[in-house]
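Q: My file is structure.csv. It has CSV, C-alpha atoms:
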```csv
chain,number,residue,atom,x,y,z
K,299,MET,CA,14.1,53.7,-30.7
K,300,SER,CA,13.9,51.3,-33.5
K,301,VAL,CA,11.2,48.7,-33.8
K,302,ASN,CA,13.8,45.9,-33.4
K,303,LYS,CA,15.2,47.3,-30.1
K,304,LEU,CA,11.7,47.9,-28.8
K,305,SER,CA,10.7,44.3,-29.6
K,306,ILE,CA,13.8,43.0,-27.7
K,307,TYR,CA,13.1,45.1,-24.7
K,308,ILE,CA,9.5,43.9,-24.6
K,309,PHE,CA,10.7,40.3,-24.9
K,310,VAL,CA,13.2,40.6,-22.1
K,311,LEU,CA,10.7,42.4,-19.8
K,312,THR,CA,8.1,39.7,-20.5
K,313,LEU,CA,10.7,37.0,-19.7
K,314,LEU,CA,11.7,38.7,-16.4
K,315,LEU,CA,8.1,39.1,-15.3
K,316,SER,CA,7.4,35.5,-16.2
K,317,CYS,CA,10.3,34.3,-14.1
K,318,ASN,CA,9.1,36.4,-11.1
K,319,LYS,CA,5.6,35.0,-11.5
K,320,ASP,CA,6.9,31.4,-11.6
K,321,LYS,CA,8.9,32.0,-8.5
K,322,SER,CA,6.0,33.5,-6.7
K,323,ALA,CA,3.8,30.7,-7.7
K,324,GLY,CA,6.3,28.2,-6.3
K,325,GLU,CA,6.4,30.0,-3.0
K,326,ASN,CA,2.7,29.9,-2.7
K,327,SER,CA,2.3,26.2,-3.8
K,328,ILE,CA,0.4,23.9,-1.6
K,329,PHE,CA,3.1,21.2,-1.8
K,330,MET,CA,6.8,21.6,-1.7
K,331,ALA,CA,9.4,18.8,-2.2
K,332,LYS,CA,11.7,18.0,0.8
K,333,GLU,CA,15.0,16.4,-0.1
K,334,SER,CA,15.9,13.0,1.5
K,335,ASP,CA,18.9,14.5,3.3
K,336,LEU,CA,16.6,16.8,5.1
K,337,SER,CA,13.7,14.4,5.7
K,338,GLY,CA,15.7,11.3,6.5
K,339,ILE,CA,13.6,9.2,4.1
K,340,THR,CA,15.8,7.3,1.6
K,341,PHE,CA,13.4,4.6,0.5
K,342,SER,CA,13.4,3.9,-3.2
K,343,ASN,CA,11.4,1.2,-4.9
K,344,LYS,CA,14.0,0.2,-7.6
K,345,LEU,CA,13.2,-2.6,-10.1
K,346,VAL,CA,15.8,-4.6,-11.8
K,347,ASP,CA,14.6,-6.7,-14.8
K,348,ARG,CA,15.4,-10.4,-14.9
K,349,ASN,CA,14.8,-12.9,-17.6
K,350,ASP,CA,12.2,-14.6,-15.4
K,351,LEU,CA,10.7,-11.4,-13.9
K,352,ASN,CA,9.8,-8.4,-16.1
K,353,ILE,CA,6.8,-6.7,-17.6
K,354,ILE,CA,6.5,-9.5,-20.2
K,355,GLU,CA,6.5,-12.3,-17.7
K,356,TYR,CA,4.5,-10.5,-15.0
K,357,LEU,CA,1.6,-8.2,-16.1
K,358,TYR,CA,1.6,-6.2,-12.8
K,359,TYR,CA,5.3,-5.6,-12.8
K,360,TYR,CA,5.0,-1.8,-12.7
K,361,ASN,CA,2.0,-1.6,-10.4
K,362,GLY,CA,4.3,-0.3,-7.7
K,363,ALA,CA,4.5,-1.3,-4.0
K,364,GLY,CA,2.7,0.8,-1.4
K,365,VAL,CA,2.9,3.4,1.4
K,366,ALA,CA,0.8,4.0,4.5
K,367,THR,CA,0.8,6.5,7.4
K,368,GLY,CA,-0.2,5.9,11.0
K,369,ASP,CA,0.8,7.0,14.4
K,370,ILE,CA,2.5,3.9,15.9
K,371,ASN,CA,3.3,5.4,19.3
K,372,ASN,CA,0.4,7.8,19.8
K,373,ASP,CA,2.6,10.9,19.9
K,374,GLY,CA,0.3,12.8,17.5
K,375,LEU,CA,2.7,12.4,14.6
K,376,ASP,CA,2.0,10.2,11.6
K,377,ASP,CA,4.8,7.7,10.9
K,378,ILE,CA,5.4,6.1,7.5
K,379,PHE,CA,5.7,2.5,6.2
K,380,PHE,CA,7.0,1.9,2.7
K,381,SER,CA,6.5,-1.6,1.2
K,382,GLY,CA,8.9,-2.6,-1.6
K,383,ASN,CA,8.9,-5.0,-4.6
K,384,GLN,CA,12.5,-6.0,-4.9
K,385,THR,CA,13.4,-3.6,-2.1
K,386,PRO,CA,12.9,-4.4,1.6
K,387,ASP,CA,10.0,-2.8,3.4
K,388,GLN,CA,10.9,0.2,5.6
K,389,LEU,CA,9.3,1.9,8.6
K,390,TYR,CA,10.1,5.5,9.4
K,391,LEU,CA,9.4,7.2,12.8
K,392,ASN,CA,8.2,10.8,12.6
K,393,LYS,CA,10.5,12.9,14.8
K,394,GLY,CA,8.6,16.2,14.1
K,395,ASN,CA,9.3,19.1,11.7
K,396,LEU,CA,9.1,16.6,8.7
K,397,LYS,CA,12.2,14.7,10.0
K,398,PHE,CA,12.1,10.9,10.0
K,399,GLU,CA,14.2,8.1,11.4
K,400,ASN,CA,14.5,4.7,9.8
K,401,ILE,CA,13.6,2.2,12.6
K,402,THR,CA,12.9,-0.8,10.4
K,403,GLU,CA,15.4,-3.2,12.0
K,404,LYS,CA,14.9,-2.2,15.6
K,405,ALA,CA,11.1,-2.2,15.2
K,406,GLY,CA,11.1,-5.8,14.1
K,407,ILE,CA,10.2,-5.3,10.5
K,408,LYS,CA,12.1,-8.1,8.7
K,409,ASP,CA,13.4,-8.6,5.2
K,410,TYR,CA,11.7,-11.7,3.9
K,411,LYS,CA,13.0,-11.4,0.4
K,412,THR,CA,9.4,-11.3,-1.0
K,413,TRP,CA,7.5,-9.0,-3.3
K,414,SER,CA,5.3,-6.5,-1.4
K,415,THR,CA,2.3,-4.9,-3.2
K,416,GLY,CA,0.5,-2.8,-0.6
K,417,VAL,CA,0.3,-1.9,3.1
K,418,ALA,CA,-2.4,-0.8,5.5
K,419,MET,CA,-2.0,0.7,9.0
K,420,ASP,CA,-4.9,0.2,11.4
K,421,ASP,CA,-5.7,-1.0,14.9
K,422,VAL,CA,-6.4,-4.6,13.9
K,423,ASN,CA,-6.7,-6.1,17.4
K,424,ASN,CA,-8.5,-3.0,18.9
K,425,ASP,CA,-5.9,-2.4,21.6
K,426,GLY,CA,-5.4,1.3,20.9
K,427,LEU,CA,-2.1,0.8,19.0
K,428,ILE,CA,-1.7,0.9,15.2
K,429,ASP,CA,-0.8,-2.4,13.5
K,430,ILE,CA,0.6,-3.0,10.0
K,431,TYR,CA,-0.7,-5.3,7.3
K,432,VAL,CA,1.5,-5.9,4.3
K,433,CYS,CA,0.2,-7.6,1.1
K,434,LYS,CA,2.5,-9.9,-0.9
K,435,VAL,CA,2.5,-11.6,-4.2
K,436,ALA,CA,3.5,-15.3,-3.6
K,437,MET,CA,6.1,-16.0,-6.2
K,438,ASN,CA,7.9,-18.8,-4.5
K,439,ASP,CA,6.1,-21.9,-3.3
K,440,ASN,CA,9.2,-23.1,-1.5
K,441,ASN,CA,9.5,-20.0,0.6
K,442,PRO,CA,7.4,-20.4,3.8
K,443,ASP,CA,7.6,-16.7,4.5
K,444,ASP,CA,6.0,-15.8,1.1
K,445,HIS,CA,2.6,-14.7,2.4
K,446,ASN,CA,0.8,-11.6,3.7
K,447,LEU,CA,2.2,-10.2,6.9
K,448,LEU,CA,0.5,-8.8,10.0
K,449,TYR,CA,2.8,-6.8,12.3
K,450,ILE,CA,1.1,-6.4,15.7
K,451,ASN,CA,2.2,-3.4,17.7
K,452,GLN,CA,3.9,-4.4,20.9
K,453,GLY,CA,4.4,-0.9,22.2
K,454,GLY,CA,7.7,0.9,22.4
K,455,ASN,CA,7.9,1.2,18.6
K,456,THR,CA,8.3,-2.5,18.2
K,457,PHE,CA,6.2,-5.1,16.3
K,458,LYS,CA,5.7,-8.9,16.1
K,459,GLU,CA,4.7,-10.7,12.9
K,460,MET,CA,1.5,-12.6,13.8
K,461,SER,CA,-0.4,-13.2,10.6
K,462,ASN,CA,-0.8,-16.9,11.2
K,463,ALA,CA,-2.2,-16.4,14.7
K,464,TYR,CA,-4.8,-14.0,13.4
K,465,GLY,CA,-5.7,-16.1,10.3
K,466,LEU,CA,-4.4,-13.4,7.9
K,467,ASP,CA,-1.4,-15.2,6.4
K,468,PHE,CA,-3.0,-15.4,3.0
K,469,LYS,CA,-0.7,-16.8,0.3
K,470,GLY,CA,-1.5,-15.8,-3.2
K,471,PHE,CA,-1.7,-12.7,-5.5
K,472,SER,CA,-2.6,-9.9,-3.1
K,473,THR,CA,-2.7,-6.3,-4.1
K,474,HIS,CA,-4.1,-4.4,-1.1
K,475,ALA,CA,-6.3,-4.7,2.0
K,476,GLY,CA,-9.0,-2.4,3.4
K,477,PHE,CA,-10.0,-2.4,7.1
K,478,PHE,CA,-13.5,-1.2,8.2
K,479,ASP,CA,-16.2,-2.2,10.7
K,480,TYR,CA,-18.8,-3.7,8.4
K,481,ASP,CA,-21.0,-5.2,11.1
K,482,ARG,CA,-20.7,-2.3,13.6
K,483,ASP,CA,-19.5,-4.5,16.4
K,484,GLY,CA,-16.6,-2.1,17.3
K,485,ASP,CA,-13.7,-3.9,15.6
K,486,LEU,CA,-12.2,-3.8,12.2
K,487,ASP,CA,-13.0,-6.4,9.5
K,488,MET,CA,-11.0,-6.7,6.4
K,489,TYR,CA,-11.5,-6.9,2.6
K,490,LEU,CA,-8.5,-8.4,0.8
K,491,LEU,CA,-8.1,-7.5,-2.9
K,492,ASN,CA,-6.2,-9.9,-5.0
K,493,GLN,CA,-5.0,-9.8,-8.6
K,494,ASN,CA,-6.6,-11.5,-11.5
K,495,ILE,CA,-5.0,-14.4,-13.4
K,496,HIS,CA,-5.2,-14.2,-17.1
K,497,ASN,CA,-4.9,-17.4,-19.0
K,498,VAL,CA,-7.0,-19.7,-21.3
K,499,ASN,CA,-9.0,-20.9,-18.2
K,500,SER,CA,-10.3,-17.4,-17.7
K,501,TYR,CA,-12.7,-17.7,-20.7
K,502,GLY,CA,-15.9,-19.8,-20.9
K,503,THR,CA,-19.5,-19.7,-19.9
K,504,ILE,CA,-21.1,-17.6,-17.1
K,505,ASP,CA,-20.7,-20.6,-14.8
K,506,LYS,CA,-17.1,-19.7,-14.4
K,507,ARG,CA,-18.2,-16.8,-12.2
K,508,ASN,CA,-19.0,-19.3,-9.5
K,509,LEU,CA,-15.6,-20.9,-9.5
K,510,LYS,CA,-13.2,-19.9,-6.7
K,511,ASP,CA,-9.5,-19.4,-7.0
K,512,THR,CA,-7.5,-19.8,-3.9
K,513,LEU,CA,-4.7,-17.6,-5.1
K,514,ALA,CA,-6.6,-14.8,-7.0
K,515,GLY,CA,-10.1,-14.6,-5.6
K,516,ASP,CA,-10.9,-11.7,-3.2
K,517,VAL,CA,-11.4,-12.6,0.4
K,518,PHE,CA,-13.6,-11.0,3.1
K,519,TYR,CA,-12.7,-11.5,6.8
K,520,GLU,CA,-14.8,-10.9,9.9
K,521,ASN,CA,-12.8,-9.8,12.9
K,522,LYS,CA,-13.3,-12.2,15.8
K,523,ILE,CA,-10.7,-10.3,17.9
K,524,LYS,CA,-8.6,-13.3,18.9
K,525,LYS,CA,-8.9,-15.1,15.6
K,526,MET,CA,-10.0,-13.8,12.2
K,527,GLU,CA,-12.4,-16.0,10.3
K,528,ASN,CA,-12.6,-16.3,6.6
K,529,LEU,CA,-16.2,-15.4,5.8
K,530,LYS,CA,-16.5,-15.7,2.0
K,531,MET,CA,-14.4,-16.0,-1.1
K,532,LEU,CA,-15.6,-13.5,-3.6
K,533,GLN,CA,-15.1,-13.4,-7.3
K,534,PRO,CA,-11.7,-12.0,-8.5
K,535,VAL,CA,-11.7,-8.3,-9.5
K,536,GLN,CA,-9.0,-6.0,-10.6
K,537,VAL,CA,-9.2,-2.5,-9.1
K,538,SER,CA,-9.1,-0.4,-6.0
K,539,ILE,CA,-11.0,-0.4,-2.7
K,540,VAL,CA,-13.4,2.4,-1.8
K,541,VAL,CA,-15.2,2.4,1.6
K,542,HIS,CA,-18.0,4.8,2.1
K,543,LEU,CA,-20.7,5.5,4.7
K,544,ALA,CA,-24.3,5.4,3.7
K,545,MET,CA,-27.4,5.4,5.9
K,546,ASP,CA,-25.1,4.6,8.9
K,547,TRP,CA,-23.9,1.4,7.3
K,548,VAL,CA,-20.5,0.9,5.6
K,549,CYS,CA,-20.8,0.1,1.9
K,550,LEU,CA,-17.9,-1.5,0.0
K,551,TRP,CA,-17.4,-0.5,-3.6
K,552,VAL,CA,-15.1,-2.7,-5.7
K,553,MET,CA,-14.8,-1.3,-9.2
```
As structure tokens - that is how I would like this structure written.

A:
Amino acid sequence: MSVNKLSIYIFVLTLLLSCNKDKSAGENSIFMAKESDLSGITFSNKLVDRNDLNIIEYLYYYNGAGVATGDINNDGLDDIFFSGNQTPDQLYLNKGNLKFENITEKAGIKDYKTWSTGVAMDDVNNDGLIDIYVCKVAMNDNNPDDHNLLYINQGGNTFKEMSNAYGLDFKGFSTHAGFFDYDRDGDLDMYLLNQNIHNVNSYGTIDKRNLKDTLAGDVFYENKIKKMENLKMLQPVQVSIVVHLAMDWVCLWVM
């Protein structure tokens, strides 16, 4: 056998072994993709540039929207809520075996034609049912619905938007919200993370740290069960929320 033929055989054998190894690795992977026609999830956060809305005009244009999971009907299966930028928010009911049903409309989740940036699913009113809080970037002062939304679980896979009644209808540049029991009184309080505003007014002396921005400053809320009360406006930051337990007290890290 010539050296050339031997080299070819070795190359082909190596290629075949590599293919089998890749296939085996795929079968043993921790995660596997499930196509939308099998899962029933068709949500897609598509962005369409406009002259007045693009990465040049809006710094956080590509930050994305948000997704949260929670068991809305206590059947032991996590349901999924997708929030969209230019796409309407969608709620999917988990039917089991990784199959989901889009129940957005019949659940009472409305299309307010606003820009969603994040979503959290927690039992806000402590009634044993998972509620949904959606953060928004208020881009239209003339739109009365352009504010953060709180969907209170009514049972039977239906929700009612009650952000105003709970004092959580913040109107500004929200990014995300974190719920946790900071005072250990048995209910969930909320830290609201809002985007920064970058303009000439951002620069100056250290005294500017004490200035509050009603649109961009972070907000901390204490849960009063029937009415949430705004505790304190914090200084604007631009990152994520990390909640962690230390010495039996919840600590909030904002980085």

Q: For the atom pair CA of Thr512 (chain K) and CA of Thr412 (chain K), what is the interatomic distance in Å to one decimal place?

A: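 Going from CA of Thr512 (chain K) over to CA of Thr412 (chain K), I get 19.1 Å.
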
Q: Can you pull out the residues contacting Asn492 (chain K)? Cut-off 7 Å, using only C-alpha atoms, and skip same-chain residues under 3 positions away; I want them as a list of chain:residue names.

A: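 Returned residues: K:Phe471, K:Ser472, K:Thr473, K:Ala514, K:Gly515, K:Asp516, K:Pro534.
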
Q: Hey, which of K:Asn440, K:Thr415, K:Ser342, K:Asn400 ends up closest to Tyr360 (chain K)? Count only C-alpha atoms.

A: K:Thr415

Q: Can you work out which one of K:Leu491, K:Leu513, K:Leu486, K:Ile504 has the shortest atom-to-atom distance to Lys469 (chain K), counting all atoms listed in the file?

A: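 Between K:Leu491, K:Leu513, K:Leu486, K:Ile504, the residue approaching Lys469 (chain K) most closely is K:Leu513.
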
Q: Return the single residue from K:Ala363, K:Leu389, K:Ile450, K:Ile430 that is closest to Gly416 (chain K), with distances computed using all atoms listed in the file.

A: K:Ala363

Q: For Ser414 (chain K), list every protein, DNA or RNA residue within 9 Å, evaluated using all atoms listed in the file, and leave out those in the same chain fewer than 6 positions away; present the list as a list of chain:residue names.

A: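 So, after excluding close chain neighbours, the residues are K:Gly362, K:Ala363, K:Gly364, K:Ser381, K:Gly382, K:Asn383, K:Gln384, K:Thr385, K:Pro386, K:Asp387, K:Val432, K:Cys433, K:Lys434, K:Val435, K:Asn446, K:Ser472, K:Thr473.
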
Q: Between K:Ile401, K:Ala366, K:Leu490, K:Ile354, which one has atoms that come closest to Gly338 (chain K), using all atoms listed in the file?

A: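 Distance minimum relative to Gly338 (chain K) lands on K:Ile401.
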
Q: What is the distance between CA of Tyr410 (chain K) and CA of Asp443 (chain K), in Å to one decimal?

A: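 Between these atoms lies a distance of 6.5 Å.
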
Q: Quick one: residues within 10 Å of Gly453 (chain K), only C-alpha atoms counted, chain neighbours fewer than 5 positions away excluded, as a PyMOL selection string?

A: chain K and resi 370-372+405+427-428

Q: Could you tell me how far CA of Asp373 (chain K) lies from CA of Gly394 (chain K), in Å and to one decimal?

A: 9.9 Å

Q: Pick out the closest residue to Asp467 (chain K) from this set: K:Ala436, K:Ile339, K:Ala418, K:Ile495. Count only C-alpha atoms.

A: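 Looking at the shortest contact to Asp467 (chain K), the residue is K:Ala436.
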
Q: Could region 362-382 of chain K be completed with N, CA, C and O atoms and returned as a PDB file, keeping the file's coordinate frame?

A:
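File produced: selection_26.pdb:
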```
ATOM      1  N   GLY K 362       3.778  -1.019  -8.831  1.00  0.00           N
ATOM      2  CA  GLY K 362       4.300  -0.300  -7.700  1.00  0.00           C
ATOM      3  C   GLY K 362       4.131  -1.145  -6.397  1.00  0.00           C
ATOM      4  O   GLY K 362       3.619  -2.270  -6.415  1.00  0.00           O
ATOM      5  N   ALA K 363       4.565  -0.590  -5.300  1.00  0.00           N
ATOM      6  CA  ALA K 363       4.500  -1.300  -4.000  1.00  0.00           C
ATOM      7  C   ALA K 363       3.360  -0.572  -3.197  1.00  0.00           C
ATOM      8  O   ALA K 363       2.199  -0.657  -3.548  1.00  0.00           O
ATOM      9  N   GLY K 364       3.709   0.140  -2.157  1.00  0.00           N
ATOM     10  CA  GLY K 364       2.700   0.800  -1.400  1.00  0.00           C
ATOM     11  C   GLY K 364       3.266   1.649  -0.275  1.00  0.00           C
ATOM     12  O   GLY K 364       4.432   1.484   0.101  1.00  0.00           O
ATOM     13  N   VAL K 365       2.465   2.562   0.255  1.00  0.00           N
ATOM     14  CA  VAL K 365       2.900   3.400   1.400  1.00  0.00           C
ATOM     15  C   VAL K 365       1.662   3.667   2.246  1.00  0.00           C
ATOM     16  O   VAL K 365       0.536   3.773   1.754  1.00  0.00           O
ATOM     17  N   ALA K 366       1.883   3.716   3.552  1.00  0.00           N
ATOM     18  CA  ALA K 366       0.800   4.000   4.500  1.00  0.00           C
ATOM     19  C   ALA K 366       1.341   4.848   5.623  1.00  0.00           C
ATOM     20  O   ALA K 366       2.533   4.802   5.949  1.00  0.00           O
ATOM     21  N   THR K 367       0.466   5.644   6.210  1.00  0.00           N
ATOM     22  CA  THR K 367       0.800   6.500   7.400  1.00  0.00           C
ATOM     23  C   THR K 367      -0.023   6.107   8.551  1.00  0.00           C
ATOM     24  O   THR K 367      -1.201   5.768   8.401  1.00  0.00           O
ATOM     25  N   GLY K 368       0.566   6.180   9.721  1.00  0.00           N
ATOM     26  CA  GLY K 368      -0.200   5.900  11.000  1.00  0.00           C
ATOM     27  C   GLY K 368       0.696   6.244  12.149  1.00  0.00           C
ATOM     28  O   GLY K 368       1.930   6.158  12.096  1.00  0.00           O
ATOM     29  N   ASP K 369       0.071   6.624  13.236  1.00  0.00           N
ATOM     30  CA  ASP K 369       0.800   7.000  14.400  1.00  0.00           C
ATOM     31  C   ASP K 369       1.031   5.802  15.315  1.00  0.00           C
ATOM     32  O   ASP K 369       0.179   5.405  16.103  1.00  0.00           O
ATOM     33  N   ILE K 370       2.207   5.191  15.193  1.00  0.00           N
ATOM     34  CA  ILE K 370       2.500   3.900  15.900  1.00  0.00           C
ATOM     35  C   ILE K 370       2.710   4.069  17.372  1.00  0.00           C
ATOM     36  O   ILE K 370       2.588   3.091  18.111  1.00  0.00           O
ATOM     37  N   ASN K 371       3.057   5.269  17.826  1.00  0.00           N
ATOM     38  CA  ASN K 371       3.300   5.400  19.300  1.00  0.00           C
ATOM     39  C   ASN K 371       2.445   6.489  19.917  1.00  0.00           C
ATOM     40  O   ASN K 371       2.716   6.928  21.046  1.00  0.00           O
ATOM     41  N   ASN K 372       1.374   6.889  19.230  1.00  0.00           N
ATOM     42  CA  ASN K 372       0.400   7.800  19.800  1.00  0.00           C
ATOM     43  C   ASN K 372       0.991   9.125  20.287  1.00  0.00           C
ATOM     44  O   ASN K 372       0.585   9.646  21.343  1.00  0.00           O
ATOM     45  N   ASP K 373       1.962   9.642  19.523  1.00  0.00           N
ATOM     46  CA  ASP K 373       2.600  10.900  19.900  1.00  0.00           C
ATOM     47  C   ASP K 373       1.991  12.077  19.094  1.00  0.00           C
ATOM     48  O   ASP K 373       2.477  13.212  19.179  1.00  0.00           O
ATOM     49  N   GLY K 374       0.953  11.785  18.291  1.00  0.00           N
ATOM     50  CA  GLY K 374       0.300  12.800  17.500  1.00  0.00           C
ATOM     51  C   GLY K 374       0.965  13.073  16.153  1.00  0.00           C
ATOM     52  O   GLY K 374       0.524  13.954  15.412  1.00  0.00           O
ATOM     53  N   LEU K 375       2.011  12.290  15.818  1.00  0.00           N
ATOM     54  CA  LEU K 375       2.700  12.400  14.600  1.00  0.00           C
ATOM     55  C   LEU K 375       2.558  11.178  13.714  1.00  0.00           C
ATOM     56  O   LEU K 375       2.749  10.067  14.226  1.00  0.00           O
ATOM     57  N   ASP K 376       2.224  11.339  12.449  1.00  0.00           N
ATOM     58  CA  ASP K 376       2.000  10.200  11.600  1.00  0.00           C
ATOM     59  C   ASP K 376       3.391   9.641  11.106  1.00  0.00           C
ATOM     60  O   ASP K 376       4.221  10.375  10.562  1.00  0.00           O
ATOM     61  N   ASP K 377       3.599   8.361  11.334  1.00  0.00           N
ATOM     62  CA  ASP K 377       4.800   7.700  10.900  1.00  0.00           C
ATOM     63  C   ASP K 377       4.514   7.041   9.517  1.00  0.00           C
ATOM     64  O   ASP K 377       3.357   6.965   9.088  1.00  0.00           O
ATOM     65  N   ILE K 378       5.557   6.597   8.834  1.00  0.00           N
ATOM     66  CA  ILE K 378       5.400   6.100   7.500  1.00  0.00           C
ATOM     67  C   ILE K 378       5.970   4.737   7.262  1.00  0.00           C
ATOM     68  O   ILE K 378       7.081   4.452   7.706  1.00  0.00           O
ATOM     69  N   PHE K 379       5.191   3.876   6.600  1.00  0.00           N
ATOM     70  CA  PHE K 379       5.700   2.500   6.200  1.00  0.00           C
ATOM     71  C   PHE K 379       5.673   2.440   4.715  1.00  0.00           C
ATOM     72  O   PHE K 379       4.667   2.697   4.052  1.00  0.00           O
ATOM     73  N   PHE K 380       6.829   2.074   4.170  1.00  0.00           N
ATOM     74  CA  PHE K 380       7.000   1.900   2.700  1.00  0.00           C
ATOM     75  C   PHE K 380       7.113   0.356   2.474  1.00  0.00           C
ATOM     76  O   PHE K 380       7.946  -0.299   3.097  1.00  0.00           O
ATOM     77  N   SER K 381       6.311  -0.179   1.566  1.00  0.00           N
ATOM     78  CA  SER K 381       6.500  -1.600   1.200  1.00  0.00           C
ATOM     79  C   SER K 381       7.187  -1.586  -0.198  1.00  0.00           C
ATOM     80  O   SER K 381       6.934  -0.721  -1.037  1.00  0.00           O
ATOM     81  N   GLY K 382       8.056  -2.568  -0.402  1.00  0.00           N
ATOM     82  CA  GLY K 382       8.900  -2.600  -1.600  1.00  0.00           C
ATOM     83  C   GLY K 382       8.669  -3.876  -2.412  1.00  0.00           C
ATOM     84  O   GLY K 382       8.330  -4.920  -1.853  1.00  0.00           O
TER      85      GLY K 382
END
```
